[in-house]
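structure-v2.cif follows; it contains mmCIF, C-alpha atoms.
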data_query
loop_
_atom_site.label_atom_id
_atom_site.label_comp_id
_atom_site.auth_asym_id
_atom_site.auth_seq_id
_atom_site.Cartn_x
_atom_site.Cartn_y
_atom_site.Cartn_z
CA MET O 31 31.33 -28.61 -8.80
CA SER O 32 31.88 -24.88 -8.45
CA ASP O 33 33.46 -24.72 -11.91
CA VAL O 34 30.31 -25.85 -13.67
CA ALA O 35 28.91 -22.82 -15.49
CA ILE O 36 25.17 -22.33 -15.45
CA PRO O 37 24.02 -21.33 -18.94
CA HIS O 38 22.44 -17.88 -19.34
CA ASP O 39 23.00 -16.77 -15.76
CA MET O 40 24.71 -13.67 -17.14
CA GLU O 41 23.91 -13.28 -20.82
CA PRO O 42 20.35 -13.16 -22.19
CA HIS O 43 18.62 -16.44 -22.98
CA PRO O 44 17.66 -16.50 -26.69
CA LEU O 45 14.11 -17.60 -25.85
CA THR O 46 13.29 -15.18 -23.03
CA GLY O 47 15.52 -12.27 -24.05
CA MET O 48 16.93 -11.87 -20.53
CA TYR O 49 19.27 -13.67 -18.15
CA ASN O 50 17.66 -16.42 -16.10
CA GLY O 51 17.64 -14.60 -12.77
CA LYS O 52 15.77 -11.65 -14.20
CA PHE O 53 13.27 -13.88 -15.98
CA GLY O 54 12.75 -15.71 -12.70
CA ILE O 55 12.06 -12.52 -10.75
CA TRP O 56 9.57 -11.38 -13.43
CA LEU O 57 7.68 -14.67 -13.12
CA PHE O 58 7.67 -14.23 -9.35
CA LEU O 59 6.30 -10.70 -9.74
CA ALA O 60 3.57 -12.02 -12.07
CA SER O 61 2.51 -14.39 -9.27
CA GLU O 62 2.60 -11.46 -6.85
CA VAL O 63 0.21 -9.54 -9.10
CA MET O 64 -2.21 -12.44 -8.69
CA LEU O 65 -1.78 -12.43 -4.90
CA PHE O 66 -2.52 -8.73 -4.57
CA GLY O 67 -5.13 -8.99 -7.37
CA ALA O 68 -7.15 -11.48 -5.32
CA LEU O 69 -7.08 -9.12 -2.34
CA PHE O 70 -8.01 -6.09 -4.46
CA SER O 71 -10.88 -8.12 -5.86
CA THR O 72 -12.01 -8.99 -2.33
CA TYR O 73 -11.83 -5.29 -1.47
CA VAL O 74 -14.10 -4.43 -4.43
CA LEU O 75 -16.60 -7.12 -3.38
CA LEU O 76 -16.68 -5.96 0.25
CA ARG O 77 -16.93 -2.31 -0.62
CA VAL O 78 -19.66 -2.70 -3.23
CA GLY O 79 -21.59 -4.99 -0.88
CA ALA O 80 -21.29 -2.71 2.18
CA PRO O 81 -24.60 -1.14 3.30
CA GLU O 82 -24.88 2.53 2.42
CA GLY O 83 -23.06 4.86 4.77
CA THR O 84 -21.01 2.15 6.48
CA TRP O 85 -17.87 2.28 4.32
CA PRO O 86 -15.61 5.21 5.18
CA MET O 87 -14.96 7.83 2.51
CA TYR O 88 -11.59 9.59 2.38
CA GLY O 89 -10.59 7.44 5.38
CA GLN O 90 -13.38 9.08 7.35
CA GLU O 91 -16.38 7.50 9.07
CA ILE O 92 -19.48 8.80 7.35
CA THR O 93 -21.79 8.73 10.38
CA THR O 94 -19.47 10.25 12.97
CA GLY O 95 -17.06 12.22 10.81
CA ASN O 96 -14.10 10.64 12.64
CA GLN O 97 -10.93 10.45 10.61
CA ILE O 98 -9.89 6.80 10.79
CA LEU O 99 -6.91 6.94 8.45
CA ASN O 100 -4.23 9.60 8.48
CA VAL O 101 -4.00 10.87 4.90
CA SER O 102 -1.04 13.17 5.62
CA LEU O 103 1.11 10.34 6.98
CA ALA O 104 0.21 8.11 4.03
CA PHE O 105 1.00 10.95 1.62
CA VAL O 106 4.45 11.37 3.17
CA ASN O 107 4.92 7.59 3.05
CA THR O 108 4.04 7.57 -0.66
CA LEU O 109 6.75 10.16 -1.32
CA VAL O 110 9.22 8.18 0.82
CA LEU O 111 8.57 4.99 -1.15
CA ILE O 112 8.79 6.75 -4.52
CA THR O 113 12.11 8.29 -3.45
CA SER O 114 13.38 4.86 -2.38
CA SER O 115 12.51 3.54 -5.85
CA VAL O 116 14.62 6.30 -7.40
CA THR O 117 17.60 5.62 -5.12
CA MET O 118 17.30 1.91 -6.00
CA VAL O 119 17.56 2.60 -9.73
CA LEU O 120 20.34 5.14 -9.08
CA SER O 121 22.25 2.43 -7.23
CA TRP O 122 22.01 0.13 -10.25
CA ALA O 123 23.03 2.98 -12.58
CA ALA O 124 26.07 3.86 -10.43
CA LEU O 125 27.21 0.23 -10.43
CA LYS O 126 26.76 0.10 -14.19
CA MET O 127 29.06 3.12 -14.40
CA ASN O 128 31.60 1.13 -12.39
CA ASN O 129 31.18 3.21 -9.22
CA PHE O 130 30.76 0.70 -6.42
CA ALA O 131 30.98 3.16 -3.52
CA LYS O 132 28.19 5.32 -4.94
CA GLY O 133 26.12 2.26 -5.84
CA ARG O 134 26.33 0.89 -2.31
CA MET O 135 25.56 4.31 -0.84
CA PHE O 136 22.32 4.56 -2.86
CA LEU O 137 21.49 0.99 -1.87
CA PHE O 138 21.90 1.92 1.78
CA ILE O 139 19.74 5.04 1.31
CA THR O 140 17.05 2.78 -0.18
CA PHE O 141 17.28 0.59 2.91
CA ALA O 142 17.05 3.63 5.20
CA LEU O 143 14.01 5.02 3.34
CA ALA O 144 12.30 1.64 3.63
CA GLY O 145 12.96 1.91 7.38
CA VAL O 146 11.41 5.40 7.45
CA PHE O 147 8.34 3.98 5.65
CA LEU O 148 7.94 1.28 8.30
CA VAL O 149 8.45 3.69 11.21
CA ILE O 150 5.70 5.96 9.85
CA LYS O 151 3.53 2.87 9.33
CA PHE O 152 4.20 1.84 12.94
CA PHE O 153 2.88 5.15 14.24
CA GLU O 154 -0.14 4.84 11.97
CA TYR O 155 -0.89 1.35 13.30
CA LYS O 156 -0.29 2.45 16.90
CA GLY O 157 -2.82 5.25 16.44
CA LYS O 158 -5.42 2.66 15.44
CA PHE O 159 -4.73 0.17 18.21
CA THR O 160 -4.82 2.80 20.96
CA HIS O 161 -8.02 4.38 19.68
CA HIS O 162 -11.20 3.21 21.32
CA GLN O 163 -14.71 3.87 20.25
CA VAL O 164 -17.86 3.22 22.23
CA VAL O 165 -21.15 3.43 20.36
CA LEU O 166 -24.13 3.88 22.66
CA LYS O 167 -27.63 2.58 22.08
CA GLU O 168 -29.21 5.93 22.93
CA PRO O 169 -27.64 9.40 22.72
CA LEU O 170 -28.17 9.90 26.43
CA GLY O 171 -26.62 10.49 29.76
CA VAL O 172 -22.88 9.91 29.44
CA ASP O 173 -20.40 12.61 30.29
CA GLY O 174 -18.28 13.45 27.26
CA GLU O 175 -20.54 11.79 24.76
CA LYS O 176 -20.89 13.17 21.29
CA VAL O 177 -24.34 13.07 19.78
CA ILE O 178 -24.34 12.95 16.04
CA THR O 179 -27.24 13.27 13.71
CA SER O 180 -26.62 11.43 10.51
CA LYS O 181 -28.82 11.63 7.48
CA THR O 182 -29.31 8.64 5.21
CA ASP O 183 -31.88 7.80 2.57
CA LYS O 184 -33.96 6.19 5.29
CA GLY O 185 -34.16 9.40 7.30
CA GLU O 186 -32.42 11.00 10.23
CA ARG O 187 -30.78 8.98 12.96
CA LYS O 188 -29.14 10.07 16.17
CA ILE O 189 -26.19 8.16 17.52
CA ALA O 190 -23.91 8.71 20.49
CA VAL O 191 -20.24 7.90 20.21
CA VAL O 192 -17.42 8.18 22.71
CA ASN O 193 -13.94 8.30 21.19
CA GLY O 194 -10.62 8.39 22.93
CA HIS O 195 -6.97 7.41 22.94
CA ALA O 196 -5.44 5.19 25.60
CA GLU O 197 -2.88 2.42 25.81
CA ASN O 198 -5.42 0.36 27.74
CA PHE O 199 -8.86 0.40 26.28
CA GLY O 200 -10.91 -0.10 29.41
CA THR O 201 -12.13 -2.66 31.88
CA TRP O 202 -15.51 -4.30 32.21
CA GLU O 203 -16.43 -4.04 35.85
CA GLU O 204 -18.42 -6.66 37.69
CA ASP O 205 -21.23 -4.26 38.49
CA GLY O 206 -22.00 -3.87 34.80
CA TYR O 207 -19.96 -0.83 33.86
CA LEU O 208 -17.24 -0.16 31.32
CA LEU O 209 -14.48 1.92 32.85
CA ILE O 210 -12.35 3.89 30.38
CA HIS O 211 -9.14 5.71 31.25
CA SER O 212 -8.50 8.04 28.38
CA ASP O 213 -5.39 10.04 27.56
CA PRO O 214 -6.05 13.65 26.61
CA THR O 215 -5.74 14.45 22.92
CA GLU O 216 -6.89 17.49 21.01
CA SER O 217 -9.08 15.63 18.58
CA HIS O 218 -11.08 13.50 20.97
CA ASP O 219 -14.05 13.98 23.16
CA HIS O 220 -12.83 13.44 26.66
CA SER O 221 -9.65 13.32 28.66
CA HIS O 222 -10.70 11.73 31.88
CA GLU O 223 -12.02 8.59 33.46
CA LEU O 224 -15.39 7.55 32.17
CA LYS O 225 -17.87 5.04 33.54
CA ILE O 226 -20.53 3.80 31.15
CA GLU O 227 -23.34 1.37 31.95
CA ALA O 228 -22.78 -1.84 30.01
CA ASP O 229 -26.41 -2.17 28.92
CA LYS O 230 -26.27 1.27 27.31
CA ILE O 231 -23.43 0.17 25.05
CA LYS O 232 -24.14 -1.05 21.56
CA ARG O 233 -20.51 -1.65 20.64
CA ALA O 234 -17.14 -1.00 22.26
CA THR O 235 -14.00 -1.60 20.28
CA ARG O 236 -10.48 -0.53 19.43
CA TRP O 237 -9.78 0.40 15.84
CA GLY O 238 -8.12 -2.97 15.31
CA PRO O 239 -8.69 -5.33 12.39
CA ASN O 240 -11.82 -6.71 14.07
CA ALA O 241 -13.48 -3.29 14.48
CA SER O 242 -14.99 -3.13 10.99
CA THR O 243 -14.77 -4.66 7.53
CA PHE O 244 -13.01 -1.50 6.38
CA LEU O 245 -10.30 -1.78 9.04
CA ALA O 246 -9.94 -5.52 8.39
CA THR O 247 -9.35 -4.70 4.72
CA TYR O 248 -6.95 -1.89 5.63
CA PHE O 249 -4.84 -4.06 7.93
CA THR O 250 -4.79 -7.01 5.53
CA LEU O 251 -3.69 -4.97 2.51
CA THR O 252 -1.22 -2.67 4.26
CA GLY O 253 0.03 -5.55 6.45
CA LEU O 254 0.82 -7.74 3.47
CA HIS O 255 2.48 -4.79 1.77
CA GLY O 256 4.46 -4.08 4.96
CA ILE O 257 5.71 -7.69 5.02
CA HIS O 258 6.92 -7.18 1.45
CA VAL O 259 8.77 -4.04 2.54
CA ILE O 260 10.47 -5.99 5.36
CA GLY O 261 11.41 -8.78 2.89
CA GLY O 262 12.91 -6.20 0.52
CA MET O 263 14.86 -4.60 3.38
CA VAL O 264 16.41 -7.96 4.34
CA VAL O 265 17.59 -8.55 0.75
CA ILE O 266 18.85 -4.97 0.31
CA LEU O 267 20.76 -5.09 3.61
CA TYR O 268 22.30 -8.41 2.57
CA PHE O 269 23.64 -6.86 -0.63
CA VAL O 270 24.87 -3.76 1.22
CA LEU O 271 26.85 -5.96 3.63
CA THR O 272 28.18 -8.55 1.19
CA GLY O 273 28.56 -6.14 -1.73
CA ALA O 274 32.31 -5.48 -1.39
CA SER O 275 33.37 -9.12 -1.73
CA ASP O 276 30.74 -9.84 -4.43
CA TRP O 277 31.91 -6.81 -6.40
CA LYS O 278 35.54 -7.97 -6.23
CA LYS O 279 34.74 -11.49 -7.43
CA ARG O 280 32.17 -10.88 -10.17
CA PRO O 281 31.02 -7.27 -10.58
CA GLU O 282 28.65 -8.11 -13.47
CA LYS O 283 26.90 -10.73 -11.35
CA TYR O 284 26.52 -8.24 -8.50
CA ILE O 285 24.99 -5.66 -10.86
CA ASN O 286 22.48 -8.25 -12.07
CA ARG O 287 21.55 -9.13 -8.50
CA ILE O 288 20.95 -5.48 -7.70
CA GLU O 289 18.83 -5.17 -10.84
CA CYS O 290 16.67 -8.13 -9.73
CA THR O 291 16.37 -6.69 -6.21
CA GLY O 292 15.38 -3.40 -7.83
CA LEU O 293 12.65 -5.07 -9.91
CA TYR O 294 11.13 -6.46 -6.70
CA TRP O 295 11.50 -3.14 -4.90
CA HIS O 296 9.81 -1.18 -7.71
CA PHE O 297 6.96 -3.67 -7.58
CA VAL O 298 6.53 -2.98 -3.85
CA ASP O 299 6.38 0.73 -4.74
CA LEU O 300 3.90 0.02 -7.54
CA VAL O 301 1.53 -1.83 -5.18
CA TRP O 302 1.58 1.12 -2.77
CA ILE O 303 0.80 3.52 -5.64
CA PHE O 304 -2.53 1.67 -5.97
CA LEU O 305 -3.11 1.04 -2.26
CA PHE O 306 -2.78 4.70 -1.30
CA PRO O 307 -5.76 6.09 -3.26
CA VAL O 308 -7.87 2.95 -2.80
CA LEU O 309 -7.67 2.94 1.02
CA TYR O 310 -7.06 6.56 1.94
CA LEU O 311 -8.67 8.70 -0.74
CA LEU O 312 -11.78 6.93 -2.05
CA MET B 262 18.70 -2.24 -22.12
CA ALA B 263 21.35 0.40 -21.76
CA SER B 264 24.82 -1.00 -21.30
CA SER B 265 27.49 1.64 -21.83
CA ALA B 266 28.32 4.31 -19.24
CA GLU B 267 27.23 7.08 -21.67
CA GLU B 268 23.84 5.49 -22.16
CA ILE B 269 23.37 5.12 -18.40
CA LYS B 270 24.25 8.80 -17.92
CA ALA B 271 21.53 9.73 -20.40
CA HIS B 272 19.12 7.52 -18.45
CA LEU B 273 19.84 9.31 -15.17
CA LYS B 274 18.06 12.39 -16.46
CA ILE B 275 15.01 10.28 -17.31
CA TYR B 276 15.01 8.76 -13.80
CA TYR B 277 14.94 12.21 -12.21
CA MET B 278 12.16 13.33 -14.57
CA VAL B 279 10.10 10.23 -13.73
CA PHE B 280 10.67 10.92 -10.02
CA GLY B 281 9.38 14.47 -10.50
CA ALA B 282 6.35 13.23 -12.43
CA LEU B 283 5.55 10.64 -9.73
CA ALA B 284 5.79 13.24 -6.96
CA VAL B 285 3.58 15.72 -8.86
CA LEU B 286 1.02 13.00 -9.67
CA THR B 287 0.90 12.00 -5.98
CA VAL B 288 0.02 15.60 -5.08
CA VAL B 289 -2.56 15.64 -7.89
CA THR B 290 -4.12 12.39 -6.58
CA VAL B 291 -4.63 13.94 -3.13
CA ALA B 292 -5.88 17.25 -4.57
CA VAL B 293 -8.36 15.59 -6.94
CA ALA B 294 -9.73 13.42 -4.12
CA ARG B 295 -10.95 16.60 -2.41
CA LEU B 296 -13.09 17.60 -5.39
CA GLU B 297 -16.83 17.16 -5.06
CA VAL B 298 -17.49 14.51 -7.68
CA SER B 299 -19.53 11.32 -7.74
CA ILE B 300 -17.88 8.20 -6.31
CA GLY B 301 -17.78 6.61 -9.78
CA MET B 302 -15.94 9.61 -11.19
CA ALA B 303 -13.59 9.75 -8.17
CA VAL B 304 -12.67 6.07 -8.63
CA ALA B 305 -12.11 6.59 -12.36
CA ILE B 306 -9.83 9.62 -11.82
CA ALA B 307 -7.86 8.00 -8.97
CA MET B 308 -7.33 4.77 -10.90
CA PHE B 309 -6.38 6.66 -14.06
CA ILE B 310 -3.65 8.59 -12.20
CA ALA B 311 -2.50 5.42 -10.39
CA CYS B 312 -2.24 3.63 -13.75
CA ILE B 313 -0.08 6.43 -15.18
CA LYS B 314 2.18 6.31 -12.11
CA GLY B 315 2.35 2.52 -12.23
CA SER B 316 3.21 2.59 -15.93
CA LEU B 317 6.01 5.11 -15.32
CA VAL B 318 7.51 2.88 -12.62
CA ALA B 319 7.18 -0.26 -14.76
CA CYS B 320 8.46 1.31 -17.99
CA TYR B 321 11.39 3.34 -16.68
CA PHE B 322 12.44 2.08 -13.23
CA MET B 323 11.81 -1.57 -14.16
CA HIS B 324 13.18 -0.96 -17.69
CA LEU B 325 10.20 -2.63 -19.29
CA ILE B 326 10.31 -0.10 -22.12
CA SER B 327 13.61 -1.52 -23.35
CA GLU B 328 12.81 -5.21 -22.86
CA ARG B 329 12.01 -7.43 -25.79
CA GLY B 330 10.40 -10.78 -26.33
CA MET B 331 8.63 -13.31 -24.21
CA ILE B 332 8.26 -11.24 -21.04
CA PHE B 333 5.50 -9.17 -22.68
CA TRP B 334 3.39 -12.25 -23.40
CA ILE B 335 3.74 -13.36 -19.81
CA LEU B 336 2.80 -9.92 -18.50
CA ILE B 337 -0.13 -9.59 -20.91
CA ILE B 338 -1.53 -12.91 -19.65
CA CYS B 339 -0.85 -11.74 -16.09
CA VAL B 340 -2.74 -8.46 -16.61
CA LEU B 341 -5.58 -10.32 -18.33
CA PHE B 342 -6.06 -12.63 -15.36
CA PHE B 343 -5.71 -9.68 -12.98
CA PHE B 344 -8.75 -8.09 -14.64
CA VAL B 345 -10.60 -11.42 -14.53
CA LEU B 346 -9.96 -11.43 -10.78
CA LEU B 347 -11.26 -7.87 -10.47
CA LEU B 348 -14.35 -8.77 -12.49
CA LEU B 349 -15.22 -11.73 -10.25
CA PRO B 350 -17.19 -9.57 -7.78
CA VAL B 351 -19.17 -8.08 -10.69
CA ILE B 352 -20.02 -11.57 -11.91
CA THR B 353 -21.30 -12.53 -8.46
CA GLN B 354 -23.69 -9.56 -8.56
CA PHE B 355 -25.08 -10.55 -11.94
CA GLU B 356 -28.52 -12.05 -11.35
CA PRO B 357 -30.76 -11.52 -14.40
CA ALA B 358 -33.77 -13.40 -12.96
CA HIS B 359 -33.66 -11.42 -9.73
CA SER B 360 -33.30 -8.04 -11.44
CA GLY B 361 -36.33 -8.94 -13.61
CA LEU B 362 -38.39 -9.45 -10.47
CA VAL B 363 -37.34 -6.08 -9.09
CA GLU B 364 -38.45 -4.36 -12.29
CA ALA B 365 -41.84 -6.10 -12.12
CA VAL B 366 -42.42 -4.73 -8.61
#
Would you mind writing the structure in this file as structure tokens?
Amino acid sequence: MSDVAIPHDMEPHPLTGMYNGKFGIWLFLASEVMLFGALFSTYVLLRVGAPEGTWPMYGQEITTGNQILNVSLAFVNTLVLITSSVTMVLSWAALKMNNFAKGRMFLFITFALAGVFLVIKFFEYKGKFTHHQVVLKEPLGVDGEKVITSKTDKGERKIAVVNGHAENFGTWEEDGYLLIHSDPTESHDHSHELKIEADKIKRATRWGPNASTFLATYFTLTGLHGIHVIGGMVVILYFVLTGASDWKKRPEKYINRIECTGLYWHFVDLVWIFLFPVLYLL
Amino acid sequence: MASSAEEIKAHLKIYYMVFGALAVLTVVTVAVARLEVSIGMAVAIAMFIACIKGSLVACYFMHLISERGMIFWILIICVLFFFVLLLLPVITQFEPAHSGLVEAV
């Protein structure tokens, strides 16, 4: 059974011009384009359909001026992912030049950079889930409130917003109050305990996926991309660990496998290249 | 695709150059986003830069520039349907009868 050779698993197929594994991964990537394409399309529909002034610009709420998304972190993450793409292709190149040790080292660096990307992403996500925002019906009477006058085509409008960071968002008390314990941060309004009458509150929420259409879009797109990063890391780690024996048995086969892994990894990088400006900069 | 060690060595230089270009274009993307331009223009500039970066990754890191044959037809069809997907929201907004009414008012 093991002696049966699969045709074109190493040399190019005359019809497709590439070995079967590579052709397979390209077809998979084409289906991935459709997956992300559908979500990009949904993003366009939601953004174009959003009422004026409700969709954040430059990751920033238009009415309150609050920075929802951290552009600096995403910028660093973009550079990290681009660098990981380079180390991936350098790994393939080293193996092609018959240098296994160097090839595996670059493969491991790629894995480590993917880890750095996810750690930065974790802190970004954590920042959202620990952020609470209370929008009041009237800009009145709450200690630490921030009254903002926003101008739209329909005229001026005053709103009151309380922002803060805390592991626990707050508790709704039986006597009709929302009690917030907020951790002190430089960028937010208050750093103490706050009691707000429930009937004064228009909306109280964390910056989770259910907070707004924008954040739902953000978490869906970056979440799906993050899952792809994790998937890539699993495959890369597998080839780092099993590389030595694979290399001994059939070095050419191992090189092809790394090339296919690389194709997937570059695609993950490519998706981020589009996600970064779309979510953070526009 | 490159096969000999000499050819790969020559490619290494290209990989580093592409890396440099991608890093510079990332900085440019962030810098341009801070310019005071209309949203339409901002989208056009951002997508233009993203397309250049994406093409660099696809052509050089994914070696598409040295591939031949059927893969291009598959990718062309893929890109075509990708744009159809992106156009779907525009099609949903297209209501000639409704827009006629608005003009009449």
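The coordinates place atom CA of O:Ser275 at 13.6 Å from atom CA of O:Arg287.
Near B:Ala305, within 12 Å and counting all atoms listed in the file, sit Pro307, Val308 and Leu312 of chain O; Thr290, Val293, Ala294, Val298, Ser299, Ala311 and Cys312 of chain B; same-chain residues fewer than 6 positions away were not included.
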Store the residues picked out above in a file with C-alpha atoms, as a compact mmCIF listing (two decimals), in the coordinates of the input.
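Result file is result.txt:
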# COMPACT_ATOMS: atom_id res chain seq x y z
CA PRO O 307 -5.76 6.09 -3.26
CA VAL O 308 -7.87 2.95 -2.80
CA LEU O 312 -11.78 6.93 -2.05
CA THR B 290 -4.12 12.39 -6.58
CA VAL B 293 -8.36 15.59 -6.94
CA ALA B 294 -9.73 13.42 -4.12
CA VAL B 298 -17.49 14.51 -7.68
CA SER B 299 -19.53 11.32 -7.74
CA ALA B 311 -2.50 5.42 -10.39
CA CYS B 312 -2.24 3.63 -13.75
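On the file presented, the PyMOL selection byres ((chain O) within 7 of (chain B)) picks out O:Thr46, O:Gly47, O:Ala60, O:Met64, O:Gly67, O:Ala68, O:Ser71, O:Val74, O:Leu75, O:Leu109, O:Val116, O:Val119, O:Ala123, O:Lys126, O:Met127, O:Leu293, O:His296, O:Leu300, O:Ile303, O:Phe304, O:Pro307, O:Leu311, O:Leu312.
The space between atom CA of O:Val301 and atom CA of O:Ile112 spans 11.3 Å.
Closest approach to O:Asn129 among O:Ala274, O:Cys290, O:Ile257, O:Val165 is made by O:Ala274 (distances from only C-alpha atoms).
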Exercise. Atom CA of O:Trp277 and atom CA of O:Phe130, how far apart in Å?
Worked result: 7.6 Å
Polymer residues at most 8 Å from stretch 238-254 of chain O, all atoms listed in the file, same-chain spacing of 3 or more positions, as a compact mmCIF listing (two decimals) with C-alpha atoms, keeping the file's coordinate frame:
# COMPACT_ATOMS: atom_id res chain seq x y z
CA LEU O 69 -7.08 -9.12 -2.34
CA TYR O 73 -11.83 -5.29 -1.47
CA LEU O 76 -16.68 -5.96 0.25
CA TRP O 85 -17.87 2.28 4.32
CA PRO O 86 -15.61 5.21 5.18
CA LYS O 158 -5.42 2.66 15.44
CA PHE O 159 -4.73 0.17 18.21
CA THR O 235 -14.00 -1.60 20.28
CA ILE O 257 5.71 -7.69 5.02
CA HIS O 258 6.92 -7.18 1.45
CA LEU O 305 -3.11 1.04 -2.26
CA LEU O 309 -7.67 2.94 1.02
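Residues selected in this file by the PyMOL selection byres ((chain O and resi 97-107) around 8) comprise Gly89, Gln90, Glu91, Gly95, Asn96, Thr108, Leu109, Val110, Leu111, Phe147, Ile150, Lys151, Glu154, Lys158, Phe306, Tyr310 and Leu311 of chain O; Thr287 and Val291 of chain B.
Residue neighbourhood of O:Ser114, excluding near-sequence residues (fewer than 4 positions): Val110, Met118, Ile139, Thr140, Phe141, Leu143 and Ala144 of chain O, at 8 Å, using only C-alpha atoms.
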Exercise. Could you pull the residues within 10 Å of stretch 38-43 of chain O, counting all atoms listed in the file, minus those fewer than 2 positions along the same chain, as a ChimeraX atom specification?
Worked result: /O:35-36,45-53,282-283,286
Write stretch 101-107 of chain O as a CSV table (one decimal), in the coordinates of the input, completed to all heavy atoms.
chain,number,residue,atom,x,y,z
O,101,VAL,N,-4.4,10.7,6.3
O,101,VAL,CA,-4.0,10.9,4.9
O,101,VAL,C,-2.6,11.5,4.8
O,101,VAL,O,-1.8,11.2,3.9
O,101,VAL,CB,-5.1,11.7,4.2
O,101,VAL,CG1,-4.7,12.0,2.7
O,101,VAL,CG2,-6.4,11.0,4.2
O,102,SER,N,-2.3,12.5,5.7
O,102,SER,CA,-1.0,13.2,5.6
O,102,SER,C,0.1,12.2,5.8
O,102,SER,O,1.1,12.3,5.0
O,102,SER,CB,-0.9,14.2,6.7
O,102,SER,OG,-2.1,15.0,6.7
O,103,LEU,N,0.0,11.3,6.8
O,103,LEU,CA,1.1,10.3,7.0
O,103,LEU,C,1.3,9.4,5.7
O,103,LEU,O,2.4,9.2,5.3
O,103,LEU,CB,0.8,9.5,8.2
O,103,LEU,CG,1.1,10.1,9.6
O,103,LEU,CD1,0.9,9.0,10.7
O,103,LEU,CD2,2.5,10.6,9.7
O,104,ALA,N,0.1,9.0,5.2
O,104,ALA,CA,0.2,8.1,4.0
O,104,ALA,C,0.8,8.8,2.8
O,104,ALA,O,1.5,8.3,2.0
O,104,ALA,CB,-1.2,7.6,3.7
O,105,PHE,N,0.5,10.1,2.7
O,105,PHE,CA,1.0,11.0,1.6
O,105,PHE,C,2.5,11.0,1.7
O,105,PHE,O,3.2,10.8,0.7
O,105,PHE,CB,0.4,12.3,1.7
O,105,PHE,CG,1.0,13.3,0.7
O,105,PHE,CD1,0.7,13.2,-0.6
O,105,PHE,CD2,1.7,14.4,1.2
O,105,PHE,CE1,1.3,14.2,-1.5
O,105,PHE,CE2,2.3,15.3,0.3
O,105,PHE,CZ,2.1,15.2,-1.0
O,106,VAL,N,3.0,11.3,2.9
O,106,VAL,CA,4.4,11.4,3.2
O,106,VAL,C,5.1,10.0,2.8
O,106,VAL,O,6.1,9.9,2.2
O,106,VAL,CB,4.8,11.8,4.6
O,106,VAL,CG1,6.3,11.7,4.9
O,106,VAL,CG2,4.3,13.2,4.9
O,107,ASN,N,4.4,8.9,3.3
O,107,ASN,CA,4.9,7.6,3.0
O,107,ASN,C,5.0,7.3,1.6
O,107,ASN,O,5.9,6.6,1.1
O,107,ASN,CB,4.0,6.6,3.8
O,107,ASN,CG,4.8,5.9,4.9
O,107,ASN,OD1,6.0,6.1,5.1
O,107,ASN,ND2,4.1,5.1,5.6
